[in-house]
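> The following file, work.cif, comprises mmCIF, C-alpha atoms and all ligand atoms:
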```cif
data_protein
loop_
_atom_site.label_atom_id
_atom_site.label_comp_id
_atom_site.auth_asym_id
_atom_site.auth_seq_id
_atom_site.Cartn_x
_atom_site.Cartn_y
_atom_site.Cartn_z
CA MET W 165 14.09 11.92 -14.26
CA ALA W 166 11.28 9.46 -13.68
CA PHE W 167 8.00 9.99 -15.48
CA TYR W 168 5.50 11.12 -12.85
CA PRO W 169 3.95 9.42 -10.90
CA PHE W 170 6.61 6.76 -11.18
CA ILE W 171 9.72 7.03 -9.11
CA ALA W 172 12.16 5.15 -11.31
CA ALA W 173 10.55 4.41 -14.69
CA GLU W 174 11.18 6.97 -17.39
CA GLN W 175 8.31 5.90 -19.61
CA ALA W 176 4.64 6.80 -19.31
CA TYR W 177 3.13 3.29 -19.49
CA PRO W 178 4.27 -0.31 -19.87
CA ARG W 179 4.70 -1.75 -23.33
CA ASN W 180 4.39 -5.43 -24.27
CA GLN W 181 0.86 -5.36 -22.88
CA TRP W 182 -2.70 -5.56 -24.18
CA TYR W 183 -4.72 -2.35 -24.25
CA VAL W 184 -8.26 -1.70 -25.40
CA ALA W 185 -8.18 0.00 -28.80
CA ALA W 186 -11.94 0.25 -29.37
CA TRP W 187 -15.30 -1.20 -28.52
CA SER W 188 -16.01 -4.24 -30.69
CA HIS W 189 -19.14 -2.60 -32.06
CA GLU W 190 -17.18 0.48 -33.20
CA VAL W 191 -15.11 -1.43 -35.74
CA GLY W 192 -16.83 -2.03 -39.05
CA GLU W 193 -15.84 -2.29 -42.69
CA ALA W 194 -14.70 1.34 -42.94
CA PRO W 195 -11.38 2.28 -41.33
CA LEU W 196 -11.47 3.68 -37.80
CA MET W 197 -8.43 5.82 -37.01
CA ARG W 198 -7.16 6.00 -33.46
CA MET W 199 -3.86 6.90 -31.87
CA ILE W 200 -2.81 4.23 -29.41
CA ALA W 201 0.39 4.54 -27.39
CA GLY W 202 1.75 7.17 -29.76
CA GLU W 203 1.01 5.16 -32.91
CA ARG W 204 -1.58 6.29 -35.42
CA ILE W 205 -3.51 3.15 -36.30
CA ILE W 206 -6.47 2.21 -38.46
CA LEU W 207 -8.74 -0.65 -37.52
CA TYR W 208 -11.24 -2.30 -39.83
CA ARG W 209 -13.27 -5.48 -40.04
CA GLN W 210 -12.54 -7.92 -42.84
CA ARG W 211 -15.11 -9.96 -44.73
CA SER W 212 -14.39 -12.92 -42.46
CA GLY W 213 -15.37 -10.78 -39.46
CA SER W 214 -11.85 -10.61 -38.06
CA VAL W 215 -10.37 -7.23 -37.23
CA ALA W 216 -7.15 -5.88 -38.77
CA ALA W 217 -4.99 -3.06 -37.40
CA VAL W 218 -2.25 -1.33 -39.37
CA SER W 219 -0.39 1.97 -39.23
CA ALA W 220 -2.52 4.81 -40.52
CA LEU W 221 -0.17 6.77 -42.80
CA CYS W 222 0.75 5.64 -46.29
CA PRO W 223 4.55 5.38 -46.45
CA HIS W 224 4.66 6.95 -49.94
CA ARG W 225 3.60 10.52 -49.06
CA GLN W 226 2.09 10.16 -45.56
CA MET W 227 -1.52 10.16 -46.71
CA PRO W 228 -3.82 9.30 -43.76
CA LEU W 229 -5.67 6.09 -44.58
CA GLU W 230 -8.79 6.72 -42.53
CA THR W 231 -10.61 7.73 -45.70
CA ALA W 232 -9.20 4.79 -47.68
CA GLU W 233 -11.56 2.49 -49.46
CA ILE W 234 -11.36 -1.15 -48.45
CA VAL W 235 -11.56 -3.37 -51.53
CA ASN W 236 -11.47 -7.14 -51.02
CA ASP W 237 -10.00 -6.59 -47.55
CA GLN W 238 -7.22 -4.45 -49.03
CA ILE W 239 -6.72 -0.82 -48.03
CA VAL W 240 -6.46 1.40 -51.10
CA CYS W 241 -4.60 4.66 -50.46
CA PRO W 242 -6.80 7.56 -51.55
CA TYR W 243 -3.83 9.56 -52.91
CA HIS W 244 -2.07 7.32 -55.50
CA GLY W 245 -3.86 4.04 -55.09
CA ALA W 246 -1.28 1.81 -53.37
CA ALA W 247 -3.09 -1.26 -52.02
CA PHE W 248 -2.15 -2.93 -48.73
CA GLY W 249 -3.20 -6.26 -47.29
CA SER W 250 -4.48 -6.61 -43.73
CA ASP W 251 -0.93 -7.69 -42.80
CA GLY W 252 0.28 -4.24 -43.93
CA VAL W 253 2.19 -5.58 -46.92
CA CYS W 254 1.88 -3.45 -50.05
CA ALA W 255 0.29 -5.83 -52.53
CA HIS W 256 -0.21 -3.62 -55.54
CA LEU W 257 0.83 -0.32 -57.10
CA PRO W 258 -1.24 1.07 -59.98
CA PHE W 259 1.65 2.31 -62.15
CA GLN W 260 4.46 -0.17 -61.69
CA LYS W 261 5.05 -3.81 -60.85
CA HIS W 262 8.04 -3.26 -58.60
CA VAL W 263 7.15 -2.37 -55.02
CA PRO W 264 9.97 -0.24 -53.61
CA ALA W 265 11.39 -0.96 -50.18
CA GLY W 266 9.70 0.78 -47.28
CA MET W 267 6.20 0.55 -48.74
CA ASN W 268 4.71 -1.73 -46.07
CA LEU W 269 2.48 -0.53 -43.28
CA LYS W 270 3.18 -1.71 -39.77
CA SER W 271 0.67 -4.29 -38.62
CA PHE W 272 -0.55 -4.84 -35.07
CA HIS W 273 -1.84 -7.89 -33.26
CA VAL W 274 -5.48 -7.53 -32.26
CA VAL W 275 -7.98 -9.73 -30.47
CA ASP W 276 -11.70 -9.13 -30.84
CA HIS W 277 -13.09 -10.19 -27.50
CA ALA W 278 -16.41 -8.42 -27.04
CA PRO W 279 -17.06 -5.90 -25.74
CA PHE W 280 -13.47 -4.86 -26.54
CA ILE W 281 -10.94 -4.92 -29.35
CA TRP W 282 -7.59 -5.53 -27.64
CA LEU W 283 -4.37 -4.36 -29.26
CA TRP W 284 -0.89 -5.53 -28.34
CA VAL W 285 1.36 -2.56 -27.69
CA GLY W 286 4.98 -3.54 -27.92
CA SER W 287 7.31 -5.75 -29.84
CA GLU W 288 6.14 -7.14 -33.13
CA GLU W 289 6.84 -10.70 -32.07
CA THR W 290 3.92 -12.92 -31.22
CA PRO W 291 2.17 -11.36 -28.24
CA ASP W 292 1.61 -13.11 -24.98
CA LEU W 293 -2.02 -14.28 -25.00
CA ASN W 294 -1.72 -15.17 -21.33
CA ARG W 295 -1.62 -11.47 -20.58
CA LEU W 296 -4.93 -10.83 -22.34
CA PRO W 297 -7.14 -9.42 -19.57
CA PHE W 298 -10.30 -11.36 -18.91
CA ALA W 299 -13.18 -10.19 -16.73
CA ARG W 300 -15.70 -13.01 -16.64
CA CYS W 301 -18.57 -10.81 -15.53
CA LEU W 302 -18.28 -8.77 -18.75
CA GLN W 303 -18.71 -11.79 -20.99
CA PRO W 304 -22.11 -12.54 -22.47
CA GLU W 305 -21.64 -16.22 -21.61
CA ALA W 306 -21.65 -15.22 -17.96
CA GLY W 307 -25.40 -15.62 -18.28
CA GLN W 308 -28.05 -13.07 -17.55
CA THR W 309 -26.00 -9.92 -17.82
CA LEU W 310 -26.55 -6.59 -19.48
CA LEU W 311 -23.77 -4.28 -20.62
CA PHE W 312 -25.02 -0.73 -21.09
CA GLY W 313 -24.02 2.93 -21.00
CA LEU W 314 -20.95 2.16 -23.12
CA LYS W 315 -19.10 5.37 -23.86
CA THR W 316 -15.68 6.59 -24.98
CA PHE W 317 -14.10 9.61 -23.30
CA HIS W 318 -10.87 11.42 -24.05
CA VAL W 319 -8.66 12.67 -21.24
CA GLN W 320 -5.94 15.25 -21.65
CA ALA W 321 -3.87 13.61 -18.93
CA ARG W 322 -1.40 10.72 -18.66
CA SER W 323 -2.90 7.27 -18.34
CA GLN W 324 -1.33 6.36 -15.01
CA ILE W 325 -3.13 9.08 -13.05
CA VAL W 326 -6.39 8.12 -14.76
CA LEU W 327 -5.81 4.53 -13.66
CA GLU W 328 -4.86 5.38 -10.09
CA ASN W 329 -7.91 7.62 -9.66
CA LEU W 330 -10.09 4.52 -10.04
CA PHE W 331 -8.50 2.98 -6.95
CA ASP W 332 -8.80 6.15 -4.90
CA GLN W 333 -11.99 5.98 -2.87
CA SER W 334 -11.21 9.02 -0.74
CA HIS W 335 -11.90 11.53 -3.52
CA ILE W 336 -15.51 10.43 -3.97
CA SER W 337 -17.08 12.70 -1.37
CA PHE W 338 -15.20 15.71 -2.68
CA THR W 339 -15.04 15.25 -6.44
CA HIS W 340 -18.51 13.73 -6.78
CA PRO W 341 -20.56 15.30 -3.93
CA LEU W 342 -23.74 15.59 -5.98
CA THR W 343 -23.45 12.50 -8.18
CA LEU W 344 -22.19 9.95 -5.66
CA GLY W 345 -22.76 11.87 -2.43
CA GLN W 346 -21.07 11.10 0.84
CA ARG W 347 -20.41 7.44 0.10
CA CYS W 348 -17.16 7.51 2.00
CA ALA W 349 -16.77 8.81 5.48
CA ALA W 350 -14.76 12.03 5.46
CA ASN W 351 -12.04 10.25 7.39
CA GLY W 352 -11.43 7.86 4.52
CA SER W 353 -12.55 4.55 3.13
CA THR W 354 -12.50 1.31 5.03
CA ARG W 355 -9.56 -0.99 4.54
CA PRO W 356 -10.13 -3.89 2.18
CA SER W 357 -10.99 -7.13 3.90
CA GLU W 358 -9.13 -9.10 1.25
CA ILE W 359 -6.50 -8.35 -1.38
CA ILE W 360 -5.94 -10.78 -4.24
CA ASP W 361 -2.61 -10.26 -5.93
CA GLU W 362 -1.97 -12.51 -8.90
CA GLU W 363 -0.15 -12.24 -12.18
CA ASN W 364 -2.30 -10.01 -14.42
CA TYR W 365 -4.91 -9.46 -11.68
CA LEU W 366 -5.14 -7.36 -8.55
CA ALA W 367 -8.30 -6.99 -6.47
CA PHE W 368 -9.36 -5.18 -3.32
CA MET W 369 -12.46 -6.69 -1.70
CA ARG W 370 -14.65 -5.29 1.04
CA LEU W 371 -17.65 -6.88 2.75
CA SER W 372 -19.96 -4.45 4.52
CA PRO W 373 -21.42 -5.31 7.93
CA PRO W 374 -25.01 -6.60 7.82
CA LYS W 375 -27.61 -3.88 7.54
CA ALA W 376 -31.39 -3.70 7.32
CA THR W 377 -32.69 -4.08 3.78
CA ASP W 378 -34.43 -0.91 2.67
CA GLU W 379 -37.74 -1.02 0.81
CA ALA W 380 -36.41 0.07 -2.58
CA LEU W 381 -33.83 -2.71 -2.62
CA HIS W 382 -36.36 -5.21 -1.43
CA ALA W 383 -38.62 -4.29 -4.35
CA LEU W 384 -35.72 -4.83 -6.76
CA PHE W 385 -34.53 -8.04 -5.11
CA PRO W 386 -37.44 -9.97 -3.61
CA ALA W 387 -34.99 -12.69 -2.52
CA LEU W 388 -33.52 -10.30 0.05
CA SER W 389 -34.59 -10.94 3.60
CA ALA W 390 -34.55 -8.42 6.45
CA GLN W 391 -30.76 -8.17 6.41
CA MET W 392 -28.28 -7.75 3.59
CA ARG W 393 -24.61 -7.02 2.98
CA ILE W 394 -22.72 -5.53 0.07
CA ARG W 395 -19.50 -7.01 -1.24
CA SER W 396 -17.67 -4.26 -3.08
CA ARG W 397 -14.61 -4.80 -5.18
CA SER W 398 -12.06 -2.84 -7.16
CA GLU W 399 -10.19 -4.95 -9.67
CA LEU W 400 -7.37 -4.42 -12.14
CA PHE W 401 -7.19 -6.86 -15.03
CA GLY W 402 -3.90 -6.65 -16.92
CA VAL W 403 -2.69 -3.05 -16.99
CA GLY W 404 -5.74 -1.15 -18.14
CA LEU W 405 -9.09 -2.80 -17.46
CA VAL W 406 -10.63 -1.79 -14.16
CA ILE W 407 -13.78 -2.68 -12.32
CA SER W 408 -14.30 -0.04 -9.71
CA ALA W 409 -17.11 0.11 -7.22
CA GLY W 410 -18.33 -3.33 -8.20
CA SER W 411 -21.21 -4.01 -5.84
CA GLU W 412 -22.62 -7.43 -5.18
CA ILE W 413 -25.77 -7.52 -3.11
CA ILE W 414 -25.80 -10.43 -0.71
CA ALA W 415 -28.78 -11.87 1.13
CA CYS W 416 -28.12 -12.80 4.76
CA ASP W 417 -29.65 -15.05 7.38
CA GLU W 418 -30.89 -13.72 10.71
CA GLU W 419 -27.38 -13.75 12.14
CA GLY W 420 -26.16 -11.60 9.25
CA GLU W 421 -24.25 -14.46 7.64
CA PRO W 422 -24.21 -14.31 3.81
CA THR W 423 -26.53 -16.83 2.16
CA SER W 424 -26.66 -15.94 -1.54
CA SER W 425 -25.75 -13.29 -4.07
CA VAL W 426 -28.86 -11.67 -5.53
CA GLY W 427 -27.45 -8.99 -7.79
CA ASP W 428 -24.26 -7.58 -9.21
CA LEU W 429 -23.66 -4.05 -10.47
CA VAL W 430 -20.30 -3.22 -11.96
CA PHE W 431 -18.77 -0.04 -13.37
CA PHE W 432 -15.95 -0.89 -15.73
CA HIS W 433 -13.29 1.26 -17.31
CA ALA W 434 -10.62 0.54 -19.89
CA ILE W 435 -7.74 2.98 -19.72
CA THR W 436 -5.52 3.18 -22.80
CA PRO W 437 -2.65 5.60 -23.37
CA GLU W 438 -3.14 7.72 -26.48
CA THR W 439 0.15 9.58 -26.06
CA GLN W 440 2.36 10.10 -23.02
CA HIS W 441 0.05 12.89 -21.91
CA SER W 442 -3.41 11.82 -23.10
CA THR W 443 -5.68 8.84 -22.61
CA HIS W 444 -8.64 7.02 -24.12
CA TYR W 445 -11.18 6.14 -21.47
CA PHE W 446 -13.80 3.48 -22.31
CA ALA W 447 -16.51 3.34 -19.65
CA GLY W 448 -19.51 1.08 -19.21
CA ILE W 449 -21.81 -0.62 -16.73
CA MET W 450 -22.84 -4.24 -16.23
CA ARG W 451 -25.74 -5.52 -14.17
CA ASN W 452 -27.42 -8.89 -13.81
CA PHE W 453 -30.82 -7.80 -12.47
CA ALA W 454 -33.84 -5.84 -13.76
CA LEU W 455 -32.54 -6.47 -17.28
CA ASN W 456 -35.57 -4.96 -19.00
CA ASP W 457 -35.76 -1.80 -16.93
CA GLN W 458 -34.75 0.85 -19.45
CA ASP W 459 -35.34 3.71 -16.99
CA LEU W 460 -32.87 2.13 -14.60
CA SER W 461 -30.33 1.80 -17.42
CA ASN W 462 -30.81 5.43 -18.41
CA SER W 463 -30.42 6.76 -14.92
CA TYR W 464 -27.30 4.69 -14.14
CA ALA W 465 -25.76 5.63 -17.51
CA GLU W 466 -26.52 9.32 -17.13
CA ARG W 467 -25.03 9.43 -13.67
CA ASN W 468 -21.95 7.47 -14.74
CA ASP W 469 -21.32 9.95 -17.57
CA GLN W 470 -21.42 12.77 -15.04
CA VAL W 471 -19.13 10.93 -12.63
CA VAL W 472 -16.52 10.19 -15.30
CA SER W 473 -16.71 13.80 -16.52
CA GLU W 474 -16.10 15.03 -12.97
CA ASP W 475 -13.03 12.80 -12.72
CA ILE W 476 -11.74 13.99 -16.08
CA ARG W 477 -12.09 17.63 -15.02
CA VAL W 478 -9.86 16.98 -12.00
CA LEU W 479 -7.28 14.92 -13.92
CA GLU W 480 -7.02 17.51 -16.70
CA ALA W 481 -6.52 20.24 -14.09
CA ILE W 482 -3.60 18.27 -12.63
CA GLU W 483 -1.83 17.21 -15.83
CA PRO W 484 -0.30 20.60 -16.81
CA HIS W 485 1.53 20.69 -13.46
CA LEU W 486 3.23 17.31 -13.70
CA ALA W 487 6.21 18.08 -15.91
CA GLU W 488 8.36 18.96 -12.92
CA ALA W 489 6.54 16.90 -10.29
CA ASP W 490 8.52 14.33 -8.30
CA ALA W 491 6.46 11.51 -6.82
CA ARG W 492 9.20 10.75 -4.27
CA LYS W 493 8.55 14.09 -2.62
CA GLU W 494 4.78 13.74 -2.53
CA PRO W 495 3.17 12.88 0.79
CA ASN W 496 0.78 9.92 0.79
CA PHE W 497 -2.35 9.42 2.88
CA VAL W 498 -3.35 6.06 4.30
CA THR W 499 -6.23 6.15 1.83
CA ASP W 500 -3.72 6.14 -1.05
CA ALA W 501 -2.59 2.59 -0.30
CA ALA W 502 -4.57 0.86 -3.08
CA ALA W 503 -3.63 3.40 -5.77
CA VAL W 504 0.01 3.28 -4.77
CA ARG W 505 -0.07 -0.50 -4.87
CA VAL W 506 -1.39 -0.27 -8.44
CA ARG W 507 1.40 2.18 -9.25
CA ARG W 508 4.09 -0.14 -7.88
CA ARG W 509 2.67 -3.03 -9.86
CA ILE W 510 2.67 -1.05 -13.12
CA GLU W 511 6.13 0.30 -12.47
CA ALA W 512 7.47 -3.19 -11.81
CA LEU W 513 6.14 -4.26 -15.22
CA MET W 514 8.39 -1.65 -16.76
CA GLY W 515 11.38 -3.32 -15.21
CA ASN W 516 11.58 -0.94 -12.29
CA ALA W 517 11.12 -2.14 -8.76
CA PRO W 518 10.45 1.01 -6.76
CA ALA W 519 12.43 1.15 -3.56
CA HIS W 520 10.12 3.64 -1.91
CA CYS W 521 6.44 3.21 -1.22
CA VAL W 522 3.78 3.85 1.42
S1 LIG L 1 0.44 8.63 -50.61
FE1 LIG L 1 -0.33 6.66 -50.70
S2 LIG L 1 0.16 5.90 -52.64
FE2 LIG L 1 0.96 7.91 -52.57
FE FE L 2 -14.05 9.57 -9.32
#
```
Take the structure in the file and write it out as structure tokens.

Amino acid sequence: MAFYPFIAAEQAYPRNQWYVAAWSHEVGEAPLMRMIAGERIILYRQRSGSVAAVSALCPHRQMPLETAEIVNDQIVCPYHGAAFGSDGVCAHLPFQKHVPAGMNLKSFHVVDHAPFIWLWVGSEETPDLNRLPFARCLQPEAGQTLLFGLKTFHVQARSQIVLENLFDQSHISFTHPLTLGQRCAANGSTRPSEIIDEENYLAFMRLSPPKATDEALHALFPALSAQMRIRSRSELFGVGLVISAGSEIIACDEEGEPTSSVGDLVFFHAITPETQHSTHYFAGIMRNFALNDQDLSNSYAERNDQVVSEDIRVLEAIEPHLAEADARKEPNFVTDAAAVRVRRRIEALMGNAPAHCV
């Protein structure tokens, strides 16, 4: 039987892909243990600054290496002192010269691309760097940008439903009535005005009609004239990095035609399978205006924490009921189109081209 919510694939998530393993700032000289895609892994930063990732249990007697000392970039097992290089190869045993077979740790390909440490989940051959997700607006070189409210959540639910929830606008009024309010009309969200569908990238764009600029926004963005529009976007980079509710504030001329972008506010989420039924959820915010306004940062971050927690509550309520669920029998609403498109894309990456969709 297919693994819900897929209709043909029997696995929970695609392999041979890049997933976020950690925030860059989380990984230091001491080992950080994390289970990624069913593999217990330790990550640590070497003296050169590069990050290493190896399996987290010593092959000799299964000692977890999260408490291991790192000496000259080598991991020293705290039980009997076997030392492993950052490539996982056992380089030294304290009581004998001969290293028996089976003493190596598994090593993983990682890329430290702030704010994330990416880990290749899949075959041990050289990973495909072309599939490394890249969101320009999250890069410091994008200019005057601020990343803030960075937080790691844990979800006791499969990664695919966590991912799809980020493309489901119609739950906002009902799951987040106090935190996000009635942002969507009860009869559903507006259709995207543009869909960009490329290899490794899928985006749904919407441009609001012109509306009068309110005073609060005018105070924040003096370049706004009497009319403004908002370009919102939901984007999937690779298989797990999402920008949802990205909002670009656009100044308009008297006819309501866009003239310039005056501010960008982006909520980003990296969704990484921990096991088939649990997920790491890295959430953060980027903005390119009012960079020194700490109160603004605090209030956005606090609200985002609440919003993500509200989503997690719903997803964890659903997960226990999915063992027998069959996505082919589930009705879809018109407002499910974006999430189902994301599902089809992910399922196709697992070598399954679903025959049935909305
Ligand atoms: S358990 Fe690691 S060397 Fe024995
Ligand atoms: Fe939500």
> Give me, please, the distance in Å between atom S2 of ligand LIG 1 (chain L) and atom CA of W:Asp251, quoted to one decimal.
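Value for the atom S2 of ligand LIG 1 (chain L)-atom CA of W:Asp251 distance: 16.8 Å.
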> Show me which residues are within 12 Å of ligand LIG 1 (chain L) counting all atoms listed in the file, and format the list as number ranges by chain.
W: 220-232, 239-248, 254-260, 263-264, 267-269
> Store the residues picked out above in a file with C-alpha atoms, as a PDB file, in the coordinates of the input.

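Contents of result-v6.pdb, freshly written:
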```pdb
ATOM      1  CA  ALA W 220      -2.520   4.810 -40.520  1.00  0.00           C
ATOM      2  CA  LEU W 221      -0.170   6.770 -42.800  1.00  0.00           C
ATOM      3  CA  CYS W 222       0.750   5.640 -46.290  1.00  0.00           C
ATOM      4  CA  PRO W 223       4.550   5.380 -46.450  1.00  0.00           C
ATOM      5  CA  HIS W 224       4.660   6.950 -49.940  1.00  0.00           C
ATOM      6  CA  ARG W 225       3.600  10.520 -49.060  1.00  0.00           C
ATOM      7  CA  GLN W 226       2.090  10.160 -45.560  1.00  0.00           C
ATOM      8  CA  MET W 227      -1.520  10.160 -46.710  1.00  0.00           C
ATOM      9  CA  PRO W 228      -3.820   9.300 -43.760  1.00  0.00           C
ATOM     10  CA  LEU W 229      -5.670   6.090 -44.580  1.00  0.00           C
ATOM     11  CA  GLU W 230      -8.790   6.720 -42.530  1.00  0.00           C
ATOM     12  CA  THR W 231     -10.610   7.730 -45.700  1.00  0.00           C
ATOM     13  CA  ALA W 232      -9.200   4.790 -47.680  1.00  0.00           C
ATOM     14  CA  ILE W 239      -6.720  -0.820 -48.030  1.00  0.00           C
ATOM     15  CA  VAL W 240      -6.460   1.400 -51.100  1.00  0.00           C
ATOM     16  CA  CYS W 241      -4.600   4.660 -50.460  1.00  0.00           C
ATOM     17  CA  PRO W 242      -6.800   7.560 -51.550  1.00  0.00           C
ATOM     18  CA  TYR W 243      -3.830   9.560 -52.910  1.00  0.00           C
ATOM     19  CA  HIS W 244      -2.070   7.320 -55.500  1.00  0.00           C
ATOM     20  CA  GLY W 245      -3.860   4.040 -55.090  1.00  0.00           C
ATOM     21  CA  ALA W 246      -1.280   1.810 -53.370  1.00  0.00           C
ATOM     22  CA  ALA W 247      -3.090  -1.260 -52.020  1.00  0.00           C
ATOM     23  CA  PHE W 248      -2.150  -2.930 -48.730  1.00  0.00           C
ATOM     24  CA  CYS W 254       1.880  -3.450 -50.050  1.00  0.00           C
ATOM     25  CA  ALA W 255       0.290  -5.830 -52.530  1.00  0.00           C
ATOM     26  CA  HIS W 256      -0.210  -3.620 -55.540  1.00  0.00           C
ATOM     27  CA  LEU W 257       0.830  -0.320 -57.100  1.00  0.00           C
ATOM     28  CA  PRO W 258      -1.240   1.070 -59.980  1.00  0.00           C
ATOM     29  CA  PHE W 259       1.650   2.310 -62.150  1.00  0.00           C
ATOM     30  CA  GLN W 260       4.460  -0.170 -61.690  1.00  0.00           C
ATOM     31  CA  VAL W 263       7.150  -2.370 -55.020  1.00  0.00           C
ATOM     32  CA  PRO W 264       9.970  -0.240 -53.610  1.00  0.00           C
ATOM     33  CA  MET W 267       6.200   0.550 -48.740  1.00  0.00           C
ATOM     34  CA  ASN W 268       4.710  -1.730 -46.070  1.00  0.00           C
ATOM     35  CA  LEU W 269       2.480  -0.530 -43.280  1.00  0.00           C
TER      36      LEU W 269
END
```
> What's the separation between atom CA of W:Val218 and atom CA of W:Leu293, in Å to one decimal place?
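A separation of 19.3 Å between them.
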> Residues contacting ligand FE 2 (chain L) - anything with an atom at most 8 Å away, using all atoms listed in the file - can you give me those as a count of residues only?
12
> Could you state the separation of atom CA of W:Phe317 and atom CA of W:Glu233 in Å, given to one decimal place?
27.2 Å
> Report as a compact mmCIF listing (two decimals) with C-alpha atoms, keeping the file's coordinate frame all protein, DNA and RNA residues lying within 12 Å of W:Thr309, evaluated on all atoms listed in the file, omitting residues in the same chain fewer than 2 positions from it.

```txt
# COMPACT_ATOMS: atom_id res chain seq x y z
CA ARG W 300 -15.70 -13.01 -16.64
CA CYS W 301 -18.57 -10.81 -15.53
CA LEU W 302 -18.28 -8.77 -18.75
CA GLN W 303 -18.71 -11.79 -20.99
CA PRO W 304 -22.11 -12.54 -22.47
CA GLU W 305 -21.64 -16.22 -21.61
CA ALA W 306 -21.65 -15.22 -17.96
CA GLY W 307 -25.40 -15.62 -18.28
CA LEU W 311 -23.77 -4.28 -20.62
CA PHE W 312 -25.02 -0.73 -21.09
CA GLY W 427 -27.45 -8.99 -7.79
CA ASP W 428 -24.26 -7.58 -9.21
CA LEU W 429 -23.66 -4.05 -10.47
CA VAL W 430 -20.30 -3.22 -11.96
CA ILE W 449 -21.81 -0.62 -16.73
CA MET W 450 -22.84 -4.24 -16.23
CA ARG W 451 -25.74 -5.52 -14.17
CA ASN W 452 -27.42 -8.89 -13.81
CA PHE W 453 -30.82 -7.80 -12.47
CA ALA W 454 -33.84 -5.84 -13.76
CA LEU W 455 -32.54 -6.47 -17.28
CA ASN W 456 -35.57 -4.96 -19.00
```
> If we count all atoms listed in the file, what is near W:Ala299 at a cut-off of 12 Å, once residues fewer than 3 positions away on the same chain are taken out, given as a list in words?
His277, Ala278, Pro279, Phe280, Leu296, Leu302, Gln303, Pro304, Glu305, Ala306, Asn364, Tyr365, Leu366, Ala367, Glu399, Leu400, Phe401, Gly402, Gly404, Leu405, Val406, Ile407, Val430, Phe432, His433, Ala434 and Met450 of chain W
> Please report, as AutoDock Vina command-line options, the centre and edge lengths in Å to one decimal of an axis-aligned box covering all listed atoms of stretch 224-232 of chain W with 3 Å per side.

```
--center_x -3.0 --center_y 7.7 --center_z -46.2 --size_x 21.3 --size_y 11.7 --size_z 13.4
```
> Tell me which residues come within 12 Å of (-34.8, -7.2, 5.5), as a list of chain:residue names, counting all atoms listed in the file in the file's coordinates.
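The distance filter leaves exactly W:Pro374, W:Lys375, W:Ala376, W:Thr377, W:Asp378, W:Glu379, W:Ala380, W:Leu381, W:His382, W:Ala383, W:Phe385, W:Pro386, W:Ala387, W:Leu388, W:Ser389, W:Ala390, W:Gln391, W:Met392, W:Arg393, W:Ile414, W:Ala415, W:Cys416, W:Asp417, W:Glu418, W:Glu419, W:Gly420.
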> Could you check which of W:Glu412, W:Val184, W:Ala216, W:Pro422 is closest to W:Leu196, using only C-alpha atoms?
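With only C-alpha atoms as the atom set, the closest residue is W:Ala216.
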> Can you tell me which residues surround W:Val285 at a distance of at most 9 Å, considering only C-alpha atoms, apart from same-chain residues fewer than 4 positions away, and format the answer as a PyMOL selection string?
chain W and resi 178-183+200-201+272-273+291
> Between W:Glu328, W:Glu488, W:Glu358, W:Glu483, which is the closest to W:Arg505 once you count only C-alpha atoms?
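The shortest atom-to-atom distance to W:Arg505 comes from W:Glu328.
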> Residues at most 12 Å from W:His189, counting all atoms listed in the file, excluding those fewer than 2 positions away in the same chain, as a VMD selection string?
chain W and resid 185 to 187 191 to 193 196 207 to 209 213 215 276 to 281 314 to 315
> Which is closest to W:Ser442 among W:Ile206, W:Val506, W:Ile325, W:Ala166, if we use all atoms listed in the file?
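So, comparing all the options, the nearest one is W:Ile325.
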> Near W:Tyr445, counting all atoms listed in the file, which residues have an atom at most 9 Å away, once you skip same-chain residues fewer than 2 positions from it, shown as a PyMOL selection string?
chain W and resi 315-319+323+326+433-437+443+447
